[in-house]
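*Asks:* Following this line is entry-v7.cif, made up of mmCIF, C-alpha atoms:
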```
data_protein
#
loop_
_atom_site.label_atom_id
_atom_site.label_comp_id
_atom_site.auth_asym_id
_atom_site.auth_seq_id
_atom_site.Cartn_x
_atom_site.Cartn_y
_atom_site.Cartn_z
CA MET N 1010 -92.03 12.76 -174.36
CA ASN N 1011 -93.26 10.83 -177.33
CA PRO N 1012 -92.99 7.14 -176.42
CA SER N 1013 -92.03 6.22 -179.96
CA VAL N 1014 -88.81 8.19 -179.71
CA LYS N 1015 -87.84 7.10 -176.22
CA ASN N 1016 -84.42 5.76 -175.68
CA PRO N 1017 -84.54 2.22 -177.02
CA ILE N 1018 -81.84 0.81 -174.78
CA ALA N 1019 -83.01 2.28 -171.51
CA ASN N 1020 -86.57 1.08 -171.83
CA GLY N 1021 -86.23 -1.73 -174.32
CA PRO N 1022 -87.41 -5.19 -173.37
CA GLY N 1023 -84.21 -6.83 -174.52
CA SER N 1024 -81.80 -4.87 -172.37
CA SER N 1025 -79.19 -7.27 -171.12
CA ASP N 1026 -76.41 -7.28 -168.60
CA PHE N 1027 -73.90 -5.57 -170.84
CA GLU N 1028 -76.26 -2.64 -171.19
CA GLU N 1029 -76.32 -2.44 -167.43
CA THR N 1030 -72.61 -1.70 -167.49
CA LEU N 1031 -73.06 1.08 -169.99
CA ARG N 1032 -75.90 2.46 -167.95
CA LEU N 1033 -73.72 2.51 -164.86
CA LEU N 1034 -71.12 4.51 -166.73
CA ALA N 1035 -73.77 6.86 -168.02
CA HIS N 1036 -75.00 7.58 -164.50
CA LEU N 1037 -71.66 8.32 -162.96
CA PRO N 1038 -71.79 11.41 -160.77
CA ALA N 1039 -69.74 14.35 -161.89
CA PRO N 1040 -66.75 15.17 -159.70
CA GLU N 1041 -67.15 17.77 -157.03
CA GLY N 1042 -66.59 21.34 -158.10
CA LEU N 1043 -66.74 20.64 -161.81
CA GLU N 1044 -68.91 23.66 -162.56
CA GLU N 1045 -66.70 26.01 -160.59
CA ARG N 1046 -63.58 24.81 -162.35
CA VAL N 1047 -65.20 25.15 -165.74
CA GLU N 1048 -66.43 28.67 -164.97
CA ALA N 1049 -63.02 29.64 -163.67
CA GLY N 1050 -61.48 28.36 -166.86
CA LEU N 1051 -63.94 30.37 -168.91
CA ARG N 1052 -63.18 33.53 -166.98
CA ALA N 1053 -59.47 33.01 -167.45
CA ALA N 1054 -59.85 32.44 -171.16
CA PRO N 1055 -58.87 35.45 -173.26
CA ARG N 1056 -62.02 36.95 -174.68
CA ASN N 1057 -60.52 38.79 -177.58
CA ALA N 1058 -57.69 36.50 -178.38
CA ARG N 1059 -58.95 35.91 -181.87
CA ILE N 1060 -59.32 39.59 -182.72
CA LEU N 1061 -56.12 41.19 -183.95
CA ARG N 1062 -55.78 44.85 -183.07
CA TRP N 1063 -54.57 47.21 -185.73
CA PRO N 1064 -51.42 49.11 -184.94
CA VAL N 1065 -51.99 52.71 -183.87
CA ALA N 1066 -50.86 54.11 -187.19
CA LEU N 1067 -53.28 51.86 -189.10
CA ARG N 1068 -56.45 52.49 -187.12
CA ALA N 1069 -59.52 54.01 -188.66
CA GLU N 1070 -58.56 57.54 -187.62
CA ASN N 1071 -55.45 57.33 -189.77
CA ALA N 1072 -57.05 56.16 -192.96
CA TRP N 1073 -54.58 58.02 -195.11
CA VAL N 1074 -51.81 55.75 -193.80
CA ARG N 1075 -53.72 52.72 -194.99
CA ALA N 1076 -54.32 54.35 -198.35
CA ALA N 1077 -50.63 55.16 -198.70
CA ALA N 1078 -49.65 51.65 -197.74
CA ALA N 1079 -52.13 50.21 -200.23
CA ALA N 1080 -50.82 52.51 -202.94
CA ALA N 1081 -47.26 51.47 -202.18
CA ILE N 1082 -48.18 47.81 -202.38
CA VAL N 1083 -49.94 48.38 -205.69
CA ALA N 1084 -46.94 50.28 -207.03
CA VAL N 1085 -44.52 47.57 -206.01
CA VAL N 1086 -46.65 44.85 -207.53
CA ALA N 1087 -47.24 46.78 -210.73
CA GLY N 1088 -43.57 47.72 -211.02
CA GLY N 1089 -42.50 44.16 -210.52
CA GLY N 1090 -44.91 42.99 -213.14
CA TRP N 1091 -43.73 45.64 -215.58
CA GLY N 1092 -40.12 44.62 -214.97
CA VAL N 1093 -40.91 41.03 -215.63
CA TYR N 1094 -42.76 42.04 -218.78
CA LEU N 1095 -39.79 43.98 -220.04
CA GLY N 1096 -37.35 41.26 -219.18
CA VAL N 1097 -39.12 38.58 -221.08
CA GLN N 1098 -38.64 38.78 -224.83
CA THR N 1099 -41.68 37.53 -226.50
CA VAL N 1100 -41.21 35.60 -229.70
CA GLN N 1101 -42.71 37.49 -232.59
CA PRO N 1102 -44.71 35.31 -234.88
CA ALA N 1103 -43.56 35.10 -238.50
CA ARG N 1104 -45.26 37.60 -240.67
CA VAL N 1105 -44.86 35.54 -243.85
CA ILE N 1106 -45.73 31.93 -243.95
CA ALA N 1107 -44.04 29.98 -246.72
CA VAL N 1108 -46.61 27.89 -248.44
CA PRO N 1109 -45.48 25.54 -251.22
CA GLN N 1110 -46.85 26.39 -254.59
CA HIS N 1111 -49.92 24.45 -255.37
CA ILE N 1112 -49.46 22.24 -258.37
CA ALA N 1113 -52.65 20.87 -259.68
CA ALA N 1114 -52.79 17.28 -260.65
CA PRO N 1115 -52.51 16.87 -264.45
CA GLY N 1116 -55.71 14.91 -264.78
CA GLY N 1117 -57.63 17.01 -262.35
CA GLY N 1118 -57.48 14.24 -259.80
CA PHE N 1119 -56.02 14.27 -256.39
CA SER N 1120 -53.71 17.01 -255.35
CA ASN N 1121 -50.04 16.53 -254.72
CA ALA N 1122 -50.58 16.78 -250.95
CA GLY N 1123 -48.12 19.60 -250.67
CA ALA N 1124 -45.24 17.74 -252.28
CA MET N 1125 -42.72 20.04 -253.82
CA ARG N 1126 -42.22 19.62 -257.49
CA THR N 1127 -38.65 18.73 -258.40
CA PRO N 1128 -37.55 19.90 -261.84
CA GLN N 1129 -36.69 17.27 -264.33
CA THR N 1130 -32.97 16.92 -264.57
CA LEU N 1131 -31.26 17.21 -267.97
CA ASN N 1132 -30.10 14.02 -269.55
CA GLY N 1133 -26.55 13.88 -270.58
CA PRO N 1134 -25.38 12.89 -274.02
CA ILE N 1135 -26.34 9.35 -274.92
CA ALA N 1136 -23.79 7.20 -276.60
CA ALA N 1137 -25.23 5.96 -279.85
CA PRO N 1138 -24.85 2.30 -280.70
CA PRO N 1139 -22.18 1.50 -283.22
CA ALA N 1140 -23.29 1.86 -286.79
CA VAL N 1141 -24.17 -1.35 -288.50
CA ALA N 1142 -23.35 -1.61 -292.14
CA LYS N 1143 -26.52 -2.02 -294.08
CA PRO N 1144 -26.62 -4.44 -296.97
CA ALA N 1145 -27.65 -1.76 -299.38
CA ALA N 1146 -24.52 0.09 -298.75
CA VAL N 1147 -22.26 -2.94 -299.12
CA ALA N 1148 -21.99 -3.72 -302.76
CA PRO N 1149 -23.85 -1.79 -305.32
CA PRO N 1150 -22.34 -2.54 -308.71
CA ALA N 1151 -20.88 0.55 -309.99
CA SER N 1152 -21.33 -0.35 -313.67
CA THR N 1153 -25.03 -0.58 -313.96
CA PRO N 1154 -26.67 1.76 -311.66
CA ALA N 1155 -30.36 1.40 -312.29
CA VAL N 1156 -31.26 4.19 -310.19
CA LYS N 1157 -28.98 6.81 -309.12
CA PRO N 1158 -28.56 6.09 -305.54
CA VAL N 1159 -29.36 8.75 -303.28
CA ALA N 1160 -26.33 9.29 -301.33
CA LYS N 1161 -27.05 8.91 -297.77
CA PRO N 1162 -24.73 10.96 -295.79
CA VAL N 1163 -22.52 8.78 -293.75
CA THR N 1164 -22.73 9.89 -290.28
CA THR N 1165 -20.20 9.27 -287.67
CA PRO N 1166 -21.23 8.82 -284.09
CA ALA N 1167 -19.72 12.09 -283.36
CA ALA N 1168 -21.76 13.70 -285.97
CA GLN N 1169 -24.84 11.88 -284.78
CA SER N 1170 -24.33 13.09 -281.30
CA SER N 1171 -23.81 16.55 -282.50
CA GLN N 1172 -26.97 16.37 -284.50
CA LYS N 1173 -28.98 14.74 -281.73
CA PRO N 1174 -30.96 17.21 -279.77
CA LEU N 1175 -30.41 17.67 -276.14
CA HIS N 1176 -33.88 16.43 -275.32
CA PRO N 1177 -34.33 13.06 -276.91
CA ALA N 1178 -37.68 12.57 -275.33
CA LYS N 1179 -39.00 15.41 -277.33
CA PRO N 1180 -37.83 14.97 -280.84
CA THR N 1181 -37.72 18.02 -282.84
CA SER N 1182 -40.04 18.46 -285.70
CA ALA N 1183 -37.08 18.59 -288.07
CA LYS N 1184 -36.04 15.03 -287.22
CA LYS N 1185 -39.61 13.80 -287.47
CA ILE N 1186 -39.77 15.16 -290.96
CA ALA N 1187 -36.30 14.20 -292.08
CA GLU N 1188 -36.34 10.51 -291.25
CA PRO N 1189 -39.26 9.44 -293.44
CA ALA N 1190 -37.77 11.40 -296.23
CA THR N 1191 -34.43 9.71 -296.15
CA LEU N 1192 -35.19 6.05 -295.39
CA PRO N 1193 -37.52 5.20 -298.32
CA ALA N 1194 -35.03 6.72 -300.60
CA VAL N 1195 -32.29 4.34 -299.45
CA ALA N 1196 -34.26 1.12 -299.09
CA PRO N 1197 -35.21 0.53 -302.76
CA THR N 1198 -31.70 0.98 -303.85
CA ALA N 1199 -30.55 -1.68 -301.45
CA VAL N 1200 -33.21 -4.27 -302.40
CA ILE N 1201 -33.18 -4.12 -306.18
CA PRO N 1202 -30.39 -6.30 -307.45
CA ALA N 1203 -28.22 -5.08 -310.17
CA LYS N 1204 -28.67 -6.61 -313.61
CA MET U 447 -77.41 71.36 -185.91
CA SER U 448 -74.30 73.13 -184.70
CA ALA U 449 -70.91 71.51 -184.59
CA GLY U 450 -71.00 71.30 -180.83
CA GLU U 451 -74.29 69.49 -180.86
CA ALA U 452 -72.97 67.08 -183.48
CA VAL U 453 -69.91 66.28 -181.42
CA PHE U 454 -72.07 65.90 -178.34
CA SER U 455 -74.50 63.59 -180.10
CA GLY U 456 -71.54 61.57 -181.37
CA TRP U 457 -70.25 61.15 -177.85
CA MET U 458 -73.69 60.15 -176.70
CA GLU U 459 -73.89 57.49 -179.40
CA ILE U 460 -70.53 56.07 -178.35
CA ALA U 461 -71.64 55.97 -174.76
CA ASP U 462 -74.88 54.21 -175.67
CA LYS U 463 -73.01 51.70 -177.75
CA THR U 464 -70.63 50.99 -174.89
CA VAL U 465 -73.52 50.49 -172.51
CA ARG U 466 -75.26 48.19 -174.94
CA ASP U 467 -72.10 46.16 -175.47
CA GLY U 468 -71.59 45.83 -171.75
CA ALA U 469 -75.15 44.73 -171.17
CA ARG U 470 -74.95 42.24 -173.98
CA ARG U 471 -71.70 40.84 -172.63
CA HIS U 472 -73.26 40.46 -169.20
CA ALA U 473 -76.21 38.64 -170.69
CA GLU U 474 -73.93 36.29 -172.59
CA GLU U 475 -71.90 35.53 -169.50
CA ASP U 476 -75.02 34.81 -167.53
CA ALA U 477 -76.31 32.52 -170.26
CA LEU U 478 -72.99 30.72 -170.38
CA ALA U 479 -72.90 30.31 -166.61
CA ALA U 480 -76.39 28.88 -166.73
CA LEU U 481 -75.32 26.42 -169.39
CA VAL U 482 -72.35 25.33 -167.31
CA SER U 483 -74.36 24.76 -164.18
CA GLN U 484 -77.09 22.95 -166.09
CA TYR U 485 -75.17 20.71 -168.45
CA ALA U 486 -71.64 20.31 -167.15
CA ALA U 487 -72.44 17.04 -165.38
CA THR U 488 -74.17 15.61 -168.43
CA LEU U 489 -71.27 16.55 -170.67
CA TYR U 490 -68.86 15.05 -168.19
CA ARG U 491 -70.66 11.72 -168.22
CA VAL U 492 -70.80 11.68 -172.00
CA ALA U 493 -67.09 12.41 -172.14
CA TYR U 494 -66.28 9.83 -169.50
CA SER U 495 -68.21 7.11 -171.29
CA VAL U 496 -65.80 7.42 -174.19
CA LEU U 497 -62.54 8.45 -172.57
CA ARG U 498 -62.96 6.56 -169.26
CA ASN U 499 -60.59 8.91 -167.57
CA SER U 500 -61.78 11.53 -165.13
CA ALA U 501 -59.19 14.18 -165.92
CA ASP U 502 -59.55 13.75 -169.67
CA ALA U 503 -63.32 13.94 -169.41
CA GLU U 504 -63.09 17.17 -167.42
CA ASP U 505 -60.70 18.64 -169.97
CA ALA U 506 -63.14 17.74 -172.70
CA VAL U 507 -65.94 19.53 -170.88
CA GLN U 508 -63.74 22.57 -170.44
CA GLU U 509 -62.87 22.60 -174.12
CA ALA U 510 -66.52 22.25 -175.08
CA PHE U 511 -67.48 25.32 -173.08
CA LEU U 512 -64.53 27.23 -174.48
CA ARG U 513 -65.89 26.53 -177.93
CA VAL U 514 -69.26 27.79 -176.80
CA LEU U 515 -67.56 30.92 -175.52
CA ARG U 516 -65.97 31.52 -178.90
CA HIS U 517 -69.33 31.18 -180.63
CA ARG U 518 -71.40 32.89 -177.98
CA ASP U 519 -72.79 35.27 -180.58
CA THR U 520 -74.69 32.41 -182.15
CA LEU U 521 -75.89 31.01 -178.85
CA SER U 522 -79.31 32.53 -179.23
CA GLU U 523 -79.79 30.83 -182.58
CA VAL U 524 -79.36 27.33 -181.15
CA ARG U 525 -82.67 25.54 -180.94
CA ASP U 526 -81.80 22.70 -178.57
CA GLN U 527 -78.84 23.73 -176.47
CA ARG U 528 -78.57 20.40 -174.67
CA VAL U 529 -78.20 18.35 -177.85
CA TRP U 530 -75.94 21.02 -179.30
CA LEU U 531 -73.62 20.85 -176.29
CA ILE U 532 -73.62 17.05 -176.27
CA ARG U 533 -72.74 17.05 -179.94
CA ILE U 534 -69.84 19.43 -179.29
CA VAL U 535 -68.39 17.35 -176.49
CA TRP U 536 -69.05 14.15 -178.44
CA ASN U 537 -66.97 15.40 -181.34
CA ILE U 538 -64.25 16.52 -178.96
CA VAL U 539 -63.96 13.17 -177.21
CA LEU U 540 -64.04 11.21 -180.46
CA ASP U 541 -61.29 13.41 -181.81
CA ARG U 542 -59.21 13.00 -178.67
CA LYS U 543 -59.66 9.27 -178.67
CA ARG U 544 -58.72 9.06 -182.33
CA ARG U 545 -55.60 11.12 -181.75
CA SER U 546 -54.48 9.31 -178.64
CA LYS U 547 -54.69 5.86 -180.27
CA THR U 548 -54.53 4.36 -176.85
CA ARG U 549 -56.90 1.96 -175.28
CA PRO U 550 -59.24 3.45 -172.72
CA GLU U 551 -58.62 2.48 -169.18
CA THR U 552 -61.12 -0.33 -169.27
CA ASP U 553 -58.49 -2.85 -168.30
CA ASP U 554 -57.81 -1.03 -165.09
CA VAL U 555 -60.24 -2.97 -162.97
CA SER U 556 -59.33 -1.18 -159.76
CA GLU U 557 -60.07 2.19 -161.34
CA LEU U 558 -63.40 0.87 -162.55
CA ALA U 559 -64.21 -0.58 -159.13
CA ARG U 560 -63.45 2.80 -157.61
CA VAL U 561 -65.63 4.67 -160.03
CA LEU U 562 -68.62 2.37 -160.21
CA PRO U 563 -71.08 2.50 -157.33
CA ALA U 564 -70.63 -0.18 -154.68
CA GLY U 565 -74.30 -0.66 -153.85
CA GLY U 566 -73.68 -2.45 -150.57
CA LEU U 567 -71.49 -5.13 -152.07
CA SER U 568 -68.67 -6.82 -150.27
CA ALA U 569 -65.10 -6.34 -151.38
CA ASP U 570 -65.02 -9.62 -153.29
CA GLU U 571 -68.32 -8.89 -154.96
CA ARG U 572 -67.13 -5.44 -155.91
CA ALA U 573 -63.99 -6.90 -157.42
CA ALA U 574 -65.99 -9.47 -159.35
CA ALA U 575 -68.43 -6.84 -160.57
CA ALA U 576 -65.59 -4.60 -161.63
CA GLU U 577 -64.01 -7.44 -163.55
CA HIS U 578 -67.29 -8.17 -165.26
CA HIS U 579 -67.76 -4.52 -166.21
CA ALA U 580 -64.23 -4.36 -167.53
CA HIS U 581 -64.87 -7.42 -169.66
CA VAL U 582 -68.08 -5.93 -171.03
CA LEU U 583 -66.34 -2.66 -171.85
CA ALA U 584 -63.56 -4.57 -173.59
CA CYS U 585 -66.20 -6.24 -175.75
CA VAL U 586 -67.75 -2.84 -176.47
CA GLU U 587 -64.38 -1.67 -177.71
CA GLN U 588 -64.38 -4.49 -180.26
CA LEU U 589 -67.57 -3.25 -181.88
CA PRO U 590 -67.37 -1.25 -185.10
CA ASP U 591 -67.22 2.49 -184.58
CA LYS U 592 -70.71 3.26 -185.82
CA GLU U 593 -72.39 0.62 -183.72
CA ARG U 594 -70.30 1.40 -180.67
CA GLN U 595 -71.09 5.10 -180.76
CA VAL U 596 -74.81 4.54 -180.99
CA MET U 597 -74.72 1.95 -178.24
CA MET U 598 -72.80 4.21 -175.87
CA LEU U 599 -75.05 7.16 -176.50
CA SER U 600 -78.13 5.05 -176.08
CA ALA U 601 -77.07 4.25 -172.55
CA PHE U 602 -77.97 7.82 -171.59
CA GLU U 603 -81.58 7.78 -170.59
CA GLU U 604 -82.00 11.47 -171.11
CA LEU U 605 -81.26 11.12 -174.81
CA THR U 606 -84.05 10.01 -177.11
CA SER U 607 -83.35 8.20 -180.33
CA VAL U 608 -84.06 11.40 -182.24
CA GLU U 609 -81.51 13.25 -180.13
CA ILE U 610 -78.98 10.46 -180.59
CA ALA U 611 -79.52 10.76 -184.32
CA ALA U 612 -78.94 14.51 -184.07
CA VAL U 613 -75.73 14.04 -182.10
CA VAL U 614 -74.28 11.42 -184.44
CA GLY U 615 -75.65 13.06 -187.56
CA ILE U 616 -77.74 10.21 -188.92
CA THR U 617 -81.42 9.39 -189.19
CA GLU U 618 -83.43 7.85 -186.42
CA SER U 619 -83.98 4.65 -188.38
CA SER U 620 -80.22 4.35 -188.76
CA VAL U 621 -79.88 4.70 -185.01
CA ARG U 622 -82.27 1.84 -184.47
CA SER U 623 -80.66 -0.43 -187.05
CA ARG U 624 -77.19 0.28 -185.71
CA LEU U 625 -78.34 -0.40 -182.19
CA PHE U 626 -79.88 -3.67 -183.30
CA ARG U 627 -76.63 -4.77 -184.92
CA ALA U 628 -74.64 -3.65 -181.88
CA ARG U 629 -76.76 -5.71 -179.55
CA ASN U 630 -76.39 -8.81 -181.69
CA LEU U 631 -72.65 -8.33 -181.96
CA MET U 632 -72.32 -7.81 -178.23
CA ALA U 633 -74.31 -10.98 -177.52
CA GLU U 634 -72.06 -12.94 -179.87
CA LEU U 635 -68.91 -11.55 -178.30
CA LEU U 636 -70.05 -12.29 -174.77
CA ASN U 637 -71.20 -15.81 -175.66
CA HIS U 638 -67.91 -16.48 -177.36
CA ALA U 639 -66.06 -15.29 -174.29
CA ARG U 640 -68.19 -17.49 -172.03
CA SER U 641 -67.58 -20.54 -174.22
CA LEU U 642 -63.84 -19.99 -173.99
CA ARG U 643 -63.88 -19.98 -170.21
#
```
Could you quickly redo this structure as C-alpha cells?
*Replies:*
Amino acid sequence: MNPSVKNPIANGPGSSDFEETLRLLAHLPAPEGLEERVEAGLRAAPRNARILRWPVALRAENAWVRAAAAAAIVAVVAGGGWGVYLGVQTVQPARVIAVPQHIAAPGGGFSNAGAMRTPQTLNGPIAAPPAVAKPAAVAPPASTPAVKPVAKPVTTPAAQSSQKPLHPAKPTSAKKIAEPATLPAVAPTAVIPAK
Amino acid sequence: MSAGEAVFSGWMEIADKTVRDGARRHAEEDALAALVSQYAATLYRVAYSVLRNSADAEDAVQEAFLRVLRHRDTLSEVRDQRVWLIRIVWNIVLDRKRRSKTRPETDDVSELARVLPAGGLSADERAAAAEHHAHVLACVEQLPDKERQVMMLSAFEELTSVEIAAVVGITESSVRSRLFRARNLMAELLNHARSLR
C-alpha cells in the first residue's frame, strides 16, 4: 500500500483517546452466523420480483393481440381528439379589417394619428345686429338735391337673413362684388351738406 | 434446410440458451456468496459505527446485499468491490439514520460496555471505560455531518484516505482537511467538557 494514502487516523501521530473509541467500534466482531443469515435472506428474496410477466394473451406468440390492442387504443385516442375538435367552435378571424381613412395633414406635416375626421357642422342662422340709422339717411334736404341719391334699398333683418348665405365663412362672390359697389355710392351723399 | 431441421435447430438454440442462463445464474450466485463471506463482517462494522445497534446494522447489511442481488448483472463491471459495497452500506445507514431522527444508542452505557471488549478490566473499570466511550461518542455526534462521516470512516484501518474519498464522494484532499477540522473540533469539545467537570 502506498504510505501516502494510508489511513491518516489509524497511523497518524496525533491520534488521541477519542480516536481510540472510534477504533474500538470499528473493530467490533461481527455477530455469529451473520453470513448464513444474509445468504438465507438472499435465497429467500424473489429473484424476478421486478420483472412483470405478460398475460398469456399478450405474450410474443400472440402478437396480433398486441397489435389489435394498440390499434384500439389509437382509435380511441384519435376518436376522442376528433370529438373534442368538433365540439370546440373556433373563432373565425374577421376577413375585413376596418381601417380609418387616412387623411393627410394639410401642410404635409404629421399625420392625424388615425383620428377620424368629423364633418363640420352647419351653422344655424345668425341674428343680425339691429340696423343703425346712418346719418346720411337721416335728413337729406329734399329741395336741393345736389346729386341724385342712389337709393339704397332698405333692408329689414328678415330680408338680410334671407339674403345671407348659409355659409357665412365663405362669402359668395356676389356679396364680395356687391358691397363695394353700393357703399361708395351712399357715402358721398351723406357727407356733402346741402346748400 | 428442411422444416424439420429448422425446428430442431430452434429447439437446440433454446436448450443452449437455457443452459447458458443456468450457468450464468450459478456463477452469479457463487460470486454473491463469496462477497457475503468476504465482506459481511466489514459491512456490519461500518453499519454499526453509524447506527450503534446490532439488529439495525445487520438489517443494513442484508439490504446492501439485496441491492447487490438486484444489480448482479453489473457486478463484473465493478472495479473495487470492497469500496463499492462499503459505499452501498454507507448510503443505507446514513439514509436510515436520517429517517429515524433518533439519537443512536450512545447514551446506553450498559449496551456499550457489553459490546466493547473488556480486555481484562474489572467491573468498575469496564463501567468507567464504557462511560468514557459514551461521552466520546456523544461528542462525535455533535460534529458537523461532513466532519463526522470522515472521522468515523477513518477509524477503519482497512480504508485508505483514497477509499474514504471514494465512499464519501469527495477528493482525498477534502478528506484530509475535513479530518483535520474534525480532530480540532473534537479536542475543543472534550476540553470544554473537562473544564465543566
*Asks:* Identify all chain U residues at most 9 Å from chain N by counting only C-alpha atoms; ligands do not count. Present them as a tab-separated table (two decimals) with C-alpha atoms, in the frame of the given file.
*Replies:*
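Below you can see result_3.tsv, which holds the result:
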```tsv
chain	number	residue	atom	x	y	z
U	478	LEU	CA	-72.99	30.72	-170.38
U	479	ALA	CA	-72.90	30.31	-166.61
U	482	VAL	CA	-72.35	25.33	-167.31
U	483	SER	CA	-74.36	24.76	-164.18
U	484	GLN	CA	-77.09	22.95	-166.09
U	486	ALA	CA	-71.64	20.31	-167.15
U	487	ALA	CA	-72.44	17.04	-165.38
U	488	THR	CA	-74.17	15.61	-168.43
U	490	TYR	CA	-68.86	15.05	-168.19
U	491	ARG	CA	-70.66	11.72	-168.22
U	492	VAL	CA	-70.80	11.68	-172.00
U	494	TYR	CA	-66.28	9.83	-169.50
U	495	SER	CA	-68.21	7.11	-171.29
U	498	ARG	CA	-62.96	6.56	-169.26
U	500	SER	CA	-61.78	11.53	-165.13
U	504	GLU	CA	-63.09	17.17	-167.42
U	505	ASP	CA	-60.70	18.64	-169.97
U	507	VAL	CA	-65.94	19.53	-170.88
U	508	GLN	CA	-63.74	22.57	-170.44
U	511	PHE	CA	-67.48	25.32	-173.08
U	512	LEU	CA	-64.53	27.23	-174.48
U	515	LEU	CA	-67.56	30.92	-175.52
U	516	ARG	CA	-65.97	31.52	-178.90
U	561	VAL	CA	-65.63	4.67	-160.03
U	562	LEU	CA	-68.62	2.37	-160.21
U	563	PRO	CA	-71.08	2.50	-157.33
U	578	HIS	CA	-67.29	-8.17	-165.26
U	579	HIS	CA	-67.76	-4.52	-166.21
U	580	ALA	CA	-64.23	-4.36	-167.53
U	582	VAL	CA	-68.08	-5.93	-171.03
U	583	LEU	CA	-66.34	-2.66	-171.85
U	586	VAL	CA	-67.75	-2.84	-176.47
U	597	MET	CA	-74.72	1.95	-178.24
U	598	MET	CA	-72.80	4.21	-175.87
U	599	LEU	CA	-75.05	7.16	-176.50
U	600	SER	CA	-78.13	5.05	-176.08
U	601	ALA	CA	-77.07	4.25	-172.55
U	602	PHE	CA	-77.97	7.82	-171.59
U	603	GLU	CA	-81.58	7.78	-170.59
U	604	GLU	CA	-82.00	11.47	-171.11
U	605	LEU	CA	-81.26	11.12	-174.81
U	606	THR	CA	-84.05	10.01	-177.11
U	607	SER	CA	-83.35	8.20	-180.33
U	608	VAL	CA	-84.06	11.40	-182.24
U	609	GLU	CA	-81.51	13.25	-180.13
U	610	ILE	CA	-78.98	10.46	-180.59
U	618	GLU	CA	-83.43	7.85	-186.42
U	622	ARG	CA	-82.27	1.84	-184.47
U	625	LEU	CA	-78.34	-0.40	-182.19
U	629	ARG	CA	-76.76	-5.71	-179.55
U	632	MET	CA	-72.32	-7.81	-178.23
U	633	ALA	CA	-74.31	-10.98	-177.52
U	636	LEU	CA	-70.05	-12.29	-174.77
```
*Asks:* What gap, in Å, lies between CA of Ala575 in chain U and CA of Arg640 in chain U?
*Replies:*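 One can read the CA of Ala575 in chain U to CA of Arg640 in chain U distance as 15.6 Å.
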*Asks:* For CA of Gln595 in chain U and CA of Ala477 in chain U, determine how far apart the two atoms are, in Å to one decimal place.
*Replies:*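 Distance reported for this atom pair: 29.8 Å.
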*Asks:* Could you check which of U:Glu571, U:Asp591, U:Asn499, U:Thr520 is closest to Leu540 in chain U, using only C-alpha atoms?
*Replies:*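 Among U:Glu571, U:Asp591, U:Asn499, U:Thr520, it is U:Asp591 that comes nearest to Leu540 in chain U.
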*Asks:* Enter the distance from CA of Ile532 in chain U to CA of Leu489 in chain U, in Å, rounded to one decimal.
*Replies:*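 Result for CA of Ile532 in chain U versus CA of Leu489 in chain U: 6.1 Å, one decimal.
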*Asks:* Find the spatial neighbours of Asp519 in chain U, counting all atoms listed in the file, within a cut-off of 10 Å - ignore same-chain residues fewer than 4 positions away - and output them as a PyMOL selection string.
*Replies:* chain U and resi 470-471+474+514-515+523
*Asks:* Mind filling out range 1042-1053 of chain N with N, CA and C atoms and sending it as a PDB file, in the coordinates of the input?
*Replies:*
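This went into selection.pdb:
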```
ATOM      1  N   GLY N1042     -67.186  20.070-157.675  1.00  0.00           N
ATOM      2  CA  GLY N1042     -66.590  21.340-158.100  1.00  0.00           C
ATOM      3  C   GLY N1042     -66.313  21.439-159.582  1.00  0.00           C
ATOM      4  N   LEU N1043     -66.980  20.599-160.355  1.00  0.00           N
ATOM      5  CA  LEU N1043     -66.740  20.640-161.810  1.00  0.00           C
ATOM      6  C   LEU N1043     -67.197  21.973-162.409  1.00  0.00           C
ATOM      7  N   GLU N1044     -68.391  22.421-161.987  1.00  0.00           N
ATOM      8  CA  GLU N1044     -68.910  23.660-162.560  1.00  0.00           C
ATOM      9  C   GLU N1044     -68.021  24.854-162.224  1.00  0.00           C
ATOM     10  N   GLU N1045     -67.547  24.868-160.978  1.00  0.00           N
ATOM     11  CA  GLU N1045     -66.700  26.010-160.590  1.00  0.00           C
ATOM     12  C   GLU N1045     -65.408  26.022-161.387  1.00  0.00           C
ATOM     13  N   ARG N1046     -64.835  24.853-161.593  1.00  0.00           N
ATOM     14  CA  ARG N1046     -63.580  24.810-162.350  1.00  0.00           C
ATOM     15  C   ARG N1046     -63.800  25.213-163.804  1.00  0.00           C
ATOM     16  N   VAL N1047     -64.928  24.778-164.352  1.00  0.00           N
ATOM     17  CA  VAL N1047     -65.200  25.150-165.740  1.00  0.00           C
ATOM     18  C   VAL N1047     -65.422  26.647-165.862  1.00  0.00           C
ATOM     19  N   GLU N1048     -66.180  27.222-164.913  1.00  0.00           N
ATOM     20  CA  GLU N1048     -66.430  28.670-164.970  1.00  0.00           C
ATOM     21  C   GLU N1048     -65.146  29.459-164.758  1.00  0.00           C
ATOM     22  N   ALA N1049     -64.304  28.956-163.867  1.00  0.00           N
ATOM     23  CA  ALA N1049     -63.020  29.640-163.670  1.00  0.00           C
ATOM     24  C   ALA N1049     -62.180  29.579-164.935  1.00  0.00           C
ATOM     25  N   GLY N1050     -62.216  28.455-165.608  1.00  0.00           N
ATOM     26  CA  GLY N1050     -61.480  28.360-166.860  1.00  0.00           C
ATOM     27  C   GLY N1050     -62.029  29.287-167.928  1.00  0.00           C
ATOM     28  N   LEU N1051     -63.343  29.464-167.928  1.00  0.00           N
ATOM     29  CA  LEU N1051     -63.940  30.370-168.910  1.00  0.00           C
ATOM     30  C   LEU N1051     -63.591  31.826-168.606  1.00  0.00           C
ATOM     31  N   ARG N1052     -63.543  32.153-167.325  1.00  0.00           N
ATOM     32  CA  ARG N1052     -63.180  33.530-166.980  1.00  0.00           C
ATOM     33  C   ARG N1052     -61.725  33.821-167.323  1.00  0.00           C
ATOM     34  N   ALA N1053     -60.892  32.807-167.162  1.00  0.00           N
ATOM     35  CA  ALA N1053     -59.470  33.010-167.450  1.00  0.00           C
ATOM     36  C   ALA N1053     -59.174  33.001-168.941  1.00  0.00           C
TER      37      ALA N1053
END
```
